[in-house]
$ cat model26.tsv   # TSV, C-alpha atoms
chain	number	residue	atom	x	y	z
A	12	MET	CA	-8.07	1.10	-3.97
A	13	ASP	CA	-4.69	2.79	-3.96
A	14	ALA	CA	-2.74	5.66	-5.50
A	15	THR	CA	0.60	5.86	-7.27
A	16	CYS	CA	2.73	8.28	-9.24
A	17	ALA	CA	3.78	8.08	-12.89
A	18	PRO	CA	7.18	9.84	-12.95
A	19	GLY	CA	8.05	11.94	-15.96
A	20	ASP	CA	11.28	11.80	-17.91
A	21	ILE	CA	13.16	14.62	-16.17
A	22	SER	CA	16.45	14.80	-14.30
A	23	TYR	CA	16.31	15.23	-10.55
A	24	PRO	CA	15.83	18.99	-10.13
A	25	ASN	CA	17.86	21.37	-8.00
A	26	ASP	CA	17.63	25.13	-7.75
A	27	LEU	CA	21.12	25.87	-9.06
A	28	GLY	CA	20.76	23.65	-12.12
A	29	LEU	CA	17.31	25.03	-12.88
A	30	LEU	CA	18.59	28.61	-12.79
A	31	ASN	CA	21.53	27.69	-15.00
A	32	GLN	CA	19.14	26.25	-17.61
A	33	ALA	CA	16.99	29.38	-17.36
A	34	ARG	CA	20.07	31.57	-17.92
A	35	VAL	CA	21.08	29.61	-21.02
A	36	LYS	CA	17.58	29.91	-22.49
A	37	THR	CA	17.49	33.67	-21.91
A	38	GLU	CA	20.88	34.02	-23.63
A	39	LYS	CA	19.55	32.21	-26.72
A	40	ILE	CA	16.44	34.41	-26.70
A	41	ILE	CA	18.62	37.53	-26.56
A	42	ASP	CA	20.60	36.28	-29.58
A	43	THR	CA	17.36	35.72	-31.50
A	44	LEU	CA	15.90	39.12	-30.62
A	45	TYR	CA	19.13	40.98	-31.39
A	46	GLU	CA	19.63	39.52	-34.88
A	47	PRO	CA	16.93	41.57	-36.71
A	48	LEU	CA	17.87	44.72	-34.71
A	49	LYS	CA	21.62	44.46	-35.31
A	50	GLY	CA	21.71	47.50	-37.61
A	51	GLU	CA	19.65	49.72	-35.30
A	52	LEU	CA	21.21	48.95	-31.93
A	53	GLY	CA	24.77	48.23	-32.93
A	54	LYS	CA	26.24	46.68	-29.76
A	55	LYS	CA	24.73	43.50	-28.36
A	56	PRO	CA	23.68	43.62	-24.67
A	57	LYS	CA	26.24	42.00	-22.36
A	58	THR	CA	25.23	38.68	-20.83
A	59	TYR	CA	28.56	37.56	-19.27
A	60	ARG	CA	27.71	33.99	-20.34
A	61	ASN	CA	31.25	32.65	-20.05
A	62	LEU	CA	31.67	34.02	-16.53
A	63	ALA	CA	28.21	32.81	-15.55
A	64	ARG	CA	28.95	29.27	-16.72
A	65	LYS	CA	32.28	29.32	-14.90
A	66	ASN	CA	30.56	30.36	-11.66
A	67	TYR	CA	28.01	27.57	-12.09
A	68	LEU	CA	30.58	24.85	-12.75
A	69	GLN	CA	32.70	25.89	-9.75
A	70	VAL	CA	29.91	24.63	-7.49
A	71	ALA	CA	28.20	22.04	-9.71
A	72	LYS	CA	31.41	20.01	-10.11
A	73	LYS	CA	32.03	19.78	-6.38
A	74	ARG	CA	31.15	16.48	-4.78
A	75	ARG	CA	29.67	17.99	-1.63
A	76	PRO	CA	29.32	21.76	-1.80
A	77	SER	CA	28.34	23.51	1.40
A	78	ARG	CA	25.04	25.31	1.85
A	79	LYS	CA	26.86	28.62	1.90
A	80	GLU	CA	28.51	27.88	-1.46
A	81	ILE	CA	25.21	26.77	-3.01
A	82	ARG	CA	23.38	29.85	-1.76
A	83	LYS	CA	26.11	32.12	-3.10
A	84	ALA	CA	26.00	30.41	-6.51
A	85	ILE	CA	22.20	30.70	-6.62
A	86	ARG	CA	22.46	34.42	-5.89
A	87	LYS	CA	24.86	34.89	-8.80
A	88	GLN	CA	22.66	32.94	-11.21
A	89	LEU	CA	19.64	34.96	-10.10
A	90	GLN	CA	21.52	38.15	-10.93
A	91	TYR	CA	22.46	36.83	-14.39
A	92	VAL	CA	18.88	35.82	-15.14
A	93	LYS	CA	17.56	39.15	-13.88
A	94	ARG	CA	19.97	41.05	-16.14
A	95	ASN	CA	19.03	38.91	-19.14
A	96	LEU	CA	15.30	39.41	-18.55
A	97	ALA	CA	15.90	43.18	-18.42
A	98	HIS	CA	17.76	43.01	-21.75
A	99	ILE	CA	14.91	40.99	-23.26
A	100	ASP	CA	12.44	43.63	-22.06
A	101	GLN	CA	14.48	46.39	-23.70
A	102	LEU	CA	14.83	44.46	-26.97
A	103	SER	CA	11.11	43.66	-27.05
A	104	GLN	CA	10.26	47.37	-26.85
A	105	ALA	CA	12.32	48.11	-29.97
A	106	GLY	CA	9.59	47.47	-32.53
A	107	ASP	CA	7.98	44.04	-32.89
A	108	ALA	CA	11.04	42.10	-31.81
A	109	LEU	CA	9.03	39.39	-30.04
A	110	LYS	CA	7.72	38.24	-33.42
A	111	ALA	CA	11.20	36.90	-34.11
A	112	LEU	CA	10.72	34.31	-31.36
A	113	SER	CA	9.26	30.93	-32.14
A	114	SER	CA	6.34	29.61	-30.15
A	115	THR	CA	8.72	27.34	-28.20
A	116	GLN	CA	11.00	30.24	-27.31
A	117	TYR	CA	8.07	32.43	-26.27
A	118	LYS	CA	6.76	29.67	-24.01
A	119	SER	CA	10.26	29.23	-22.57
A	120	LEU	CA	10.42	32.95	-21.85
A	121	LEU	CA	7.19	32.83	-19.86
A	122	VAL	CA	8.38	29.77	-17.93
A	123	VAL	CA	11.77	31.36	-17.19
A	124	ALA	CA	10.10	34.51	-15.86
A	125	GLU	CA	7.99	32.41	-13.47
A	126	VAL	CA	10.99	30.32	-12.41
A	127	TYR	CA	12.94	33.50	-11.63
A	128	ARG	CA	10.05	34.83	-9.54
A	129	GLN	CA	9.78	31.59	-7.55
A	130	GLN	CA	13.52	31.18	-7.04
A	131	GLN	CA	13.95	34.82	-5.99
A	132	TRP	CA	11.12	34.49	-3.47
A	133	MET	CA	12.59	31.29	-2.01
A	134	TYR	CA	16.04	32.88	-1.84
A	135	ASP	CA	14.74	35.97	-0.05
A	136	ASN	CA	12.67	33.92	2.42
A	137	LYS	CA	15.36	31.24	2.91
A	138	THR	CA	13.04	28.35	2.11
A	139	SER	CA	12.82	25.60	-0.49
A	140	ARG	CA	9.01	25.41	-0.72
A	141	ILE	CA	6.58	27.42	-2.75
A	142	GLU	CA	3.15	26.75	-4.20
A	143	ASP	CA	3.01	25.42	-7.80
A	144	ARG	CA	6.78	25.10	-7.90
A	145	ILE	CA	8.27	24.52	-11.36
A	146	VAL	CA	10.87	21.74	-11.39
A	147	SER	CA	11.45	21.41	-15.15
A	148	LEU	CA	11.73	24.07	-17.84
A	149	SER	CA	10.79	21.67	-20.62
A	150	GLN	CA	7.81	20.28	-18.67
A	151	PRO	CA	6.57	23.08	-16.40
A	152	HIS	CA	3.33	21.22	-15.65
A	153	ILE	CA	5.14	18.59	-13.56
A	154	ARG	CA	4.93	19.03	-9.79
A	155	PRO	CA	6.81	17.30	-6.98
A	156	ILE	CA	4.74	14.51	-5.42
A	157	VAL	CA	5.86	13.66	-1.88
A	158	ARG	CA	5.37	9.91	-1.50
A	159	GLY	CA	7.46	9.14	1.58
A	160	LYS	CA	8.89	5.93	0.10
A	161	ALA	CA	12.27	4.68	1.21
A	162	GLY	CA	13.85	4.60	-2.27
A	163	SER	CA	12.26	7.77	-3.68
A	164	PRO	CA	10.62	10.04	-1.09
A	165	VAL	CA	9.71	12.58	-3.80
A	166	GLU	CA	8.56	11.72	-7.33
A	167	PHE	CA	7.91	14.08	-10.23
A	168	GLY	CA	4.92	13.27	-12.38
A	169	ALA	CA	1.17	12.77	-12.40
A	170	LYS	CA	-0.58	11.18	-9.42
A	171	LEU	CA	-3.08	8.43	-10.16
A	172	SER	CA	-5.98	7.22	-8.02
A	173	VAL	CA	-6.88	3.67	-9.07
A	174	SER	CA	-9.41	1.03	-8.06
A	175	LEU	CA	-9.32	-2.71	-8.79
A	176	ARG	CA	-12.53	-4.66	-9.34
A	177	ASP	CA	-12.72	-8.33	-10.37
A	178	GLY	CA	-9.23	-8.14	-11.81
A	179	TYR	CA	-9.93	-4.99	-13.87
A	180	VAL	CA	-8.18	-1.67	-13.23
A	181	PHE	CA	-10.19	1.58	-13.21
A	182	LEU	CA	-8.30	4.87	-13.43
A	183	ASP	CA	-10.59	7.09	-11.33
A	184	ARG	CA	-8.51	10.24	-11.00
A	185	ILE	CA	-5.33	11.69	-12.47
A	186	ASP	CA	-3.84	15.04	-11.50
A	187	TRP	CA	-0.51	16.85	-11.76
A	188	ASN	CA	-0.91	18.33	-8.28
A	189	ASN	CA	-0.54	16.28	-5.13
A	190	PHE	CA	-3.79	15.27	-3.44
A	191	ASN	CA	-4.92	13.09	-0.56
A	192	GLU	CA	-6.27	9.89	-2.06
A	193	SER	CA	-8.45	9.20	1.00
A	194	GLY	CA	-10.88	11.82	-0.29
A	195	ASP	CA	-11.59	9.69	-3.38
A	196	LEU	CA	-12.96	6.67	-1.48
A	197	LYS	CA	-16.58	7.83	-1.45
A	198	ALA	CA	-16.60	8.72	-5.15
A	199	GLN	CA	-15.00	5.39	-6.08
A	200	VAL	CA	-17.52	3.41	-4.04
A	201	GLU	CA	-20.40	5.39	-5.52
A	202	ALA	CA	-19.04	4.70	-9.01
A	203	PHE	CA	-19.04	1.00	-8.14
A	204	LYS	CA	-22.69	1.23	-7.09
A	205	GLU	CA	-23.64	3.09	-10.25
A	206	ASP	CA	-22.07	0.36	-12.39
A	207	THR	CA	-23.29	-2.69	-10.46
A	208	GLY	CA	-26.43	-1.44	-8.70
A	209	ALA	CA	-25.20	-2.29	-5.18
A	210	TYR	CA	-22.51	-1.30	-2.72
A	211	PRO	CA	-19.51	-3.62	-2.39
A	212	GLU	CA	-19.32	-6.08	0.46
A	213	SER	CA	-15.85	-4.90	1.46
A	214	VAL	CA	-13.28	-2.25	0.54
A	215	HIS	CA	-9.58	-3.09	0.72
A	216	VAL	CA	-7.33	-0.07	1.24
A	217	ASP	CA	-4.17	0.92	3.08
A	218	ARG	CA	-3.85	3.05	6.20
A	219	ILE	CA	-4.25	6.49	4.61
A	220	TYR	CA	-7.83	5.65	3.52
A	221	ARG	CA	-8.93	4.46	6.98
A	222	THR	CA	-9.94	7.82	8.38
A	223	ARG	CA	-12.77	8.23	10.89
A	224	GLU	CA	-14.94	9.87	8.25
A	225	ASN	CA	-14.43	7.07	5.74
A	226	ARG	CA	-14.97	4.40	8.38
A	227	ALA	CA	-18.25	5.98	9.50
A	228	TRP	CA	-19.40	6.44	5.89
A	229	CYS	CA	-18.74	2.77	5.07
A	230	LYS	CA	-20.38	1.59	8.29
A	231	GLU	CA	-23.60	3.45	7.46
A	232	ARG	CA	-23.81	1.58	4.16
A	233	GLY	CA	-22.88	-1.82	5.50
A	234	ILE	CA	-19.45	-1.89	3.86
A	235	ARG	CA	-16.61	-3.60	5.69
A	236	ILE	CA	-13.34	-1.69	5.40
A	237	SER	CA	-10.14	-3.66	5.69
A	238	GLY	CA	-7.59	-3.11	8.42
A	239	PRO	CA	-7.61	-3.05	12.22
A	240	PRO	CA	-10.12	-0.82	14.04
A	241	LEU	CA	-9.12	2.47	15.63
A	242	GLY	CA	-7.95	2.63	19.22
A	243	ARG	CA	-5.70	0.42	21.32
A	244	PRO	CA	-5.18	-3.02	19.76
A	245	PRO	CA	-6.90	-5.80	21.73
A	246	ALA	CA	-4.85	-8.14	23.86
A	247	ASN	CA	-6.38	-11.28	22.40
A	248	VAL	CA	-7.37	-11.61	18.74
A	249	SER	CA	-9.44	-14.56	17.60
A	250	ASP	CA	-8.22	-16.90	14.91
A	251	GLU	CA	-11.15	-15.90	12.72
A	252	LYS	CA	-10.15	-12.21	12.76
A	253	LYS	CA	-6.53	-13.09	12.07
A	254	LYS	CA	-7.60	-15.17	9.09
A	255	GLN	CA	-9.85	-12.34	7.84
A	256	ALA	CA	-7.04	-9.79	8.16
A	257	LYS	CA	-4.66	-12.03	6.23
A	258	GLU	CA	-7.24	-12.56	3.51
A	259	ASP	CA	-7.91	-8.82	3.25
A	260	GLU	CA	-4.21	-8.11	2.86
A	261	ARG	CA	-3.96	-10.80	0.21
A	262	VAL	CA	-6.79	-9.18	-1.75
A	263	ARG	CA	-5.23	-5.71	-1.43
A	264	ASN	CA	-1.94	-7.01	-2.81
A	265	GLY	CA	-3.68	-7.34	-6.17
A	266	ILE	CA	-3.58	-3.62	-6.87
A	267	GLU	CA	0.06	-3.43	-5.80
A	268	GLY	CA	0.78	-6.13	-8.35
A	269	LYS	CA	-1.02	-4.12	-11.03
A	270	PHE	CA	1.20	-1.12	-10.24
A	271	GLY	CA	4.31	-3.27	-10.40
A	272	VAL	CA	3.43	-4.80	-13.77
A	273	SER	CA	2.41	-1.41	-15.22
A	274	LYS	CA	5.67	0.19	-14.16
A	275	ARG	CA	8.06	-2.64	-14.97
A	276	ARG	CA	6.49	-3.99	-18.15
A	277	PHE	CA	4.44	-1.13	-19.57
A	278	SER	CA	6.79	1.82	-18.85
A	279	LEU	CA	4.55	3.60	-16.36
A	280	ASN	CA	7.66	4.16	-14.23
A	281	ARG	CA	9.04	6.62	-16.80
A	282	VAL	CA	6.60	8.53	-18.99
A	283	MET	CA	8.48	9.72	-22.07
A	284	ALA	CA	5.77	12.11	-23.34
A	285	LYS	CA	6.55	15.79	-22.84
A	286	LEU	CA	3.31	17.74	-23.26
A	287	PRO	CA	0.72	17.68	-20.45
A	288	HIS	CA	-2.11	16.20	-22.52
A	289	THR	CA	0.11	13.62	-24.21
A	290	SER	CA	1.54	12.61	-20.84
A	291	LEU	CA	-1.94	12.04	-19.40
A	292	ALA	CA	-2.90	10.11	-22.53
A	293	SER	CA	0.21	7.95	-22.11
A	294	ASP	CA	-0.70	7.17	-18.51
A	295	CYS	CA	-4.14	6.02	-19.60
A	296	HIS	CA	-2.63	4.07	-22.49
A	297	TYR	CA	-0.33	2.11	-20.17
A	298	PHE	CA	-3.27	0.91	-18.09
A	299	PHE	CA	-5.28	0.15	-21.23
A	300	SER	CA	-2.37	-1.88	-22.64
A	301	HIS	CA	-2.12	-3.71	-19.35
A	302	GLU	CA	-5.80	-4.62	-19.36
A	303	SER	CA	-5.71	-5.67	-23.02
A	304	PHE	CA	-3.80	-8.78	-21.92
A	305	HIS	CA	-6.76	-9.83	-19.80
A	306	PRO	CA	-8.46	-12.77	-21.57
A	307	ALA	CA	-11.97	-11.27	-21.52
A	308	PRO	CA	-11.14	-7.90	-23.19
A	309	ALA	CA	-8.86	-9.61	-25.74
A	310	GLY	CA	-11.62	-12.04	-26.69
A	311	PHE	CA	-14.11	-9.19	-26.94
A	312	CYS	CA	-11.79	-7.27	-29.31
A	313	LEU	CA	-11.41	-10.38	-31.49
A	314	PHE	CA	-15.19	-10.76	-31.48
A	315	LEU	CA	-15.56	-7.17	-32.72
A	316	CYS	CA	-12.97	-7.65	-35.46
A	317	PHE	CA	-14.63	-10.79	-36.86
A	318	GLN	CA	-18.32	-10.11	-36.25
A	319	LEU	CA	-18.83	-6.43	-37.09
A	320	SER	CA	-19.29	-5.72	-40.79
A	321	SER	CA	-17.25	-3.11	-42.62
A	322	GLN	CA	-20.43	-1.17	-43.43
A	323	SER	CA	-21.21	-0.43	-39.79
A	324	PHE	CA	-19.71	2.52	-37.94
A	325	PHE	CA	-17.53	0.47	-35.59
A	326	GLY	CA	-16.50	-1.88	-38.37
A	327	SER	CA	-15.33	1.02	-40.51
A	328	ILE	CA	-13.18	2.31	-37.66
A	329	ILE	CA	-11.59	-1.11	-37.22
A	330	ASN	CA	-10.89	-1.42	-40.93
A	331	LEU	CA	-9.38	2.06	-41.07
A	332	GLY	CA	-7.12	1.14	-38.17
A	333	TYR	CA	-5.46	-1.56	-40.26
A	334	ASP	CA	-5.48	0.24	-43.64
A	335	TRP	CA	-2.00	1.77	-43.66
A	336	SER	CA	-2.33	3.01	-47.24
A	337	ASN	CA	-4.89	5.59	-46.13
A	338	PHE	CA	-2.88	6.81	-43.17
A	339	GLN	CA	-3.40	10.52	-43.85
A	340	GLN	CA	-7.11	9.96	-44.31
A	341	GLN	CA	-7.21	8.06	-41.03
A	342	GLN	CA	-5.52	10.93	-39.20
A	343	LEU	CA	-8.03	13.37	-40.68
A	344	ILE	CA	-10.98	11.22	-39.61
A	345	ILE	CA	-9.58	10.67	-36.14
A	346	SER	CA	-8.88	14.38	-35.63

$ encode --input "model26.tsv" --output "structure tokens"
Amino acid sequence: MDATCAPGDISYPNDLGLLNQARVKTEKIIDTLYEPLKGELGKKPKTYRNLARKNYLQVAKKRRPSRKEIRKAIRKQLQYVKRNLAHIDQLSQAGDALKALSSTQYKSLLVVAEVYRQQQWMYDNKTSRIEDRIVSLSQPHIRPIVRGKAGSPVEFGAKLSVSLRDGYVFLDRIDWNNFNESGDLKAQVEAFKEDTGAYPESVHVDRIYRTRENRAWCKERGIRISGPPLGRPPANVSDEKKKQAKEDERVRNGIEGKFGVSKRRFSLNRVMAKLPHTSLASDCHYFFSHESFHPAPAGFCLFLCFQLSSQSFFGSIINLGYDWSNFQQQQLIIS
């Protein structure tokens, strides 16, 4: 068992850049709201967009801006966004102006309002952490996942809890919020028992899973958990234990290999889907595509294609999948 992260297709976030994007979106929303009210209001509300962009670029183009310069630039962008949100509130009260916004713009307005609230709170409290922090305006569901890796200590995407059994990958849990994967060990072992009718002989996990609670739980059920025992390491270790530890590590490397193949070959390292449900579906699809190259599932799929008749339910689905002339009908049936 192990856990990994499927990073989304977003640029590395920073507070100043996020506020600049929020300011630009509010300016476009003001333009949209003002257009149908041009005859009634006359003068468009001032946004100072040219000055705001100039203030942003003065710091963003610097190679190594100081903390004082960054904090000052963030304060200015917060003021611009606050002024724009006030203008949007005034324009929305003049009749049914919000109806002029598209669904995408209305969603962006809600996200920008939450981003402003979070950034203002972090600025006032002089911190860079807040619960449910938004790091992307286009994908507000993405959360920072602290991994602690050398190359990328923080990743931005969905976290996956995965188990490997007889060469097959099982995606047990997927969540946008960070979680401790050690809490999934019991559920994963119980799922194994439900499928096979017995507990596994051994469980191969890394250090984060080897808590006292998990060790005691596995010991009660006669399950050997990989890794050294708790406490001071013994002075002398028998050759049998050394051989067992090496074999356990060799078995655990299998799931690391699955992660590597999924990320390098099946694009799990950069999920291009944007919506939350399509992103989760893509994550599942990458693992399914990976497992489809396993000889047993591929042979089973070929068996279904050749053996099931077109009159049966499953056979009709297979035939529809390859009938491109009835594509619209297929979409209707699938939906």

$ residues_around --input "model26.tsv" --residues "region 154-170 of chain A" --least-positions-apart "4" --cutoff "8 Å" --atoms "only C-alpha atoms" --output "ChimeraX atom specification"
/A:14-19,21,143-146,185-190,291

$ axis_aligned_box --input "model26.tsv" --around "region 69-84 of chain A" --padding-each-side "8 Å" --output "lines of an AutoDock Vina configuration file"
center_x = 28.0
center_y = 24.3
center_z = -4.1
size_x = 25.3
size_y = 31.6
size_z = 28.0

$ closest_residue --input "model26.tsv" --among "A:Ser77, A:Lys110, A:Val92, A:Ala97" --to "Pro47 (chain A)" --atoms "only C-alpha atoms"
A:Lys110

$ closest_residue --input "model26.tsv" --among "A:Gln129, A:Ser149, A:Asn191, A:Ser174" --to "Thr115 (chain A)" --atoms "all atoms listed in the file"
A:Ser149

$ closest_residue --input "model26.tsv" --among "A:Asp259, A:Glu142, A:Glu51, A:Asp26" --to "Ala84 (chain A)" --atoms "all atoms listed in the file"
A:Asp26

$ closest_residue --input "model26.tsv" --among "A:Gln150, A:Gln88, A:Gln104, A:Thr207" --to "Tyr134 (chain A)" --atoms "all atoms listed in the file"
A:Gln88

$ atom_distance --input "model26.tsv" --atom1 "CA of Asn25 (chain A)" --atom2 "CA of Leu279 (chain A)"
23.7 Å

$ residues_around --input "model26.tsv" --residues "Lys39 (chain A)" --least-positions-apart "2" --cutoff "12 Å" --atoms "all atoms listed in the file" --output "PyMOL selection string"
chain A and resi 32-37+41-46+58+60+95-96+99+112-113+115-117+119-120

$ residues_around --input "model26.tsv" --residues "Cys295 (chain A)" --least-positions-apart "6" --cutoff "12 Å" --atoms "all atoms listed in the file" --output "short mmCIF file (atom, residue, chain, number, x, y, z; two decimals) with C-alpha atoms, in the frame of the given file"
data_model
loop_
_atom_site.label_atom_id
_atom_site.label_comp_id
_atom_site.auth_asym_id
_atom_site.auth_seq_id
_atom_site.Cartn_x
_atom_site.Cartn_y
_atom_site.Cartn_z
CA ALA A 17 3.78 8.08 -12.89
CA ALA A 169 1.17 12.77 -12.40
CA LYS A 170 -0.58 11.18 -9.42
CA LEU A 171 -3.08 8.43 -10.16
CA SER A 172 -5.98 7.22 -8.02
CA VAL A 173 -6.88 3.67 -9.07
CA VAL A 180 -8.18 -1.67 -13.23
CA PHE A 181 -10.19 1.58 -13.21
CA LEU A 182 -8.30 4.87 -13.43
CA ASP A 183 -10.59 7.09 -11.33
CA ARG A 184 -8.51 10.24 -11.00
CA ILE A 185 -5.33 11.69 -12.47
CA SER A 273 2.41 -1.41 -15.22
CA PHE A 277 4.44 -1.13 -19.57
CA SER A 278 6.79 1.82 -18.85
CA LEU A 279 4.55 3.60 -16.36
CA VAL A 282 6.60 8.53 -18.99
CA HIS A 288 -2.11 16.20 -22.52
CA THR A 289 0.11 13.62 -24.21
CA HIS A 301 -2.12 -3.71 -19.35
CA GLU A 302 -5.80 -4.62 -19.36
#

$ closest_residue --input "model26.tsv" --among "A:Val126, A:Ala108, A:Leu30, A:Glu260" --to "Ile81 (chain A)" --atoms "all atoms listed in the file"
A:Leu30

$ residues_around --input "model26.tsv" --residues "Lys252 (chain A)" --least-positions-apart "6" --cutoff "12 Å" --atoms "all atoms listed in the file" --output "PDB file with C-alpha atoms, keeping the file's coordinate frame"
ATOM      1  CA  SER A 237     -10.140  -3.660   5.690  1.00  0.00           C
ATOM      2  CA  GLY A 238      -7.590  -3.110   8.420  1.00  0.00           C
ATOM      3  CA  PRO A 239      -7.610  -3.050  12.220  1.00  0.00           C
ATOM      4  CA  PRO A 240     -10.120  -0.820  14.040  1.00  0.00           C
ATOM      5  CA  PRO A 245      -6.900  -5.800  21.730  1.00  0.00           C
ATOM      6  CA  GLU A 258      -7.240 -12.560   3.510  1.00  0.00           C
ATOM      7  CA  ASP A 259      -7.910  -8.820   3.250  1.00  0.00           C
TER       8      ASP A 259
END

$ atom_distance --input "model26.tsv" --atom1 "CA of Leu175 (chain A)" --atom2 "CA of Gly265 (chain A)"
7.8 Å

$ atom_distance --input "model26.tsv" --atom1 "CA of Asp100 (chain A)" --atom2 "CA of Leu121 (chain A)"
12.2 Å

$ decode --input "model26.tsv" --residues "region 93-104 of chain A" --atoms "N, CA and C atoms" --output "PDB file, in the first residue's frame"
ATOM      1  N   LYS A  93     -10.587  44.907  -3.853  1.00  0.00           N
ATOM      2  CA  LYS A  93     -11.657  45.366  -2.957  1.00  0.00           C
ATOM      3  C   LYS A  93     -12.493  46.450  -3.642  1.00  0.00           C
ATOM      4  N   ARG A  94     -11.825  47.389  -4.322  1.00  0.00           N
ATOM      5  CA  ARG A  94     -12.553  48.448  -5.017  1.00  0.00           C
ATOM      6  C   ARG A  94     -13.404  47.862  -6.146  1.00  0.00           C
ATOM      7  N   ASN A  95     -12.842  46.909  -6.879  1.00  0.00           N
ATOM      8  CA  ASN A  95     -13.603  46.313  -7.978  1.00  0.00           C
ATOM      9  C   ASN A  95     -14.819  45.538  -7.478  1.00  0.00           C
ATOM     10  N   LEU A  96     -14.655  44.816  -6.366  1.00  0.00           N
ATOM     11  CA  LEU A  96     -15.795  44.078  -5.811  1.00  0.00           C
ATOM     12  C   LEU A  96     -16.888  45.040  -5.341  1.00  0.00           C
ATOM     13  N   ALA A  97     -16.493  46.204  -4.820  1.00  0.00           N
ATOM     14  CA  ALA A  97     -17.491  47.204  -4.416  1.00  0.00           C
ATOM     15  C   ALA A  97     -18.230  47.749  -5.642  1.00  0.00           C
ATOM     16  N   HIS A  98     -17.508  47.985  -6.742  1.00  0.00           N
ATOM     17  CA  HIS A  98     -18.159  48.439  -7.972  1.00  0.00           C
ATOM     18  C   HIS A  98     -19.129  47.377  -8.506  1.00  0.00           C
ATOM     19  N   ILE A  99     -18.724  46.116  -8.424  1.00  0.00           N
ATOM     20  CA  ILE A  99     -19.595  45.034  -8.896  1.00  0.00           C
ATOM     21  C   ILE A  99     -20.859  44.970  -8.051  1.00  0.00           C
ATOM     22  N   ASP A 100     -20.724  45.202  -6.749  1.00  0.00           N
ATOM     23  CA  ASP A 100     -21.889  45.199  -5.870  1.00  0.00           C
ATOM     24  C   ASP A 100     -22.840  46.334  -6.229  1.00  0.00           C
ATOM     25  N   GLN A 101     -22.302  47.498  -6.537  1.00  0.00           N
ATOM     26  CA  GLN A 101     -23.142  48.633  -6.916  1.00  0.00           C
ATOM     27  C   GLN A 101     -23.842  48.387  -8.256  1.00  0.00           C
ATOM     28  N   LEU A 102     -23.101  47.822  -9.221  1.00  0.00           N
ATOM     29  CA  LEU A 102     -23.696  47.556 -10.523  1.00  0.00           C
ATOM     30  C   LEU A 102     -24.769  46.464 -10.449  1.00  0.00           C
ATOM     31  N   SER A 103     -24.559  45.484  -9.566  1.00  0.00           N
ATOM     32  CA  SER A 103     -25.532  44.396  -9.442  1.00  0.00           C
ATOM     33  C   SER A 103     -26.839  44.870  -8.830  1.00  0.00           C
ATOM     34  N   GLN A 104     -26.797  45.946  -8.048  1.00  0.00           N
ATOM     35  CA  GLN A 104     -28.018  46.472  -7.437  1.00  0.00           C
ATOM     36  C   GLN A 104     -28.844  47.309  -8.410  1.00  0.00           C
TER      37      GLN A 104
END
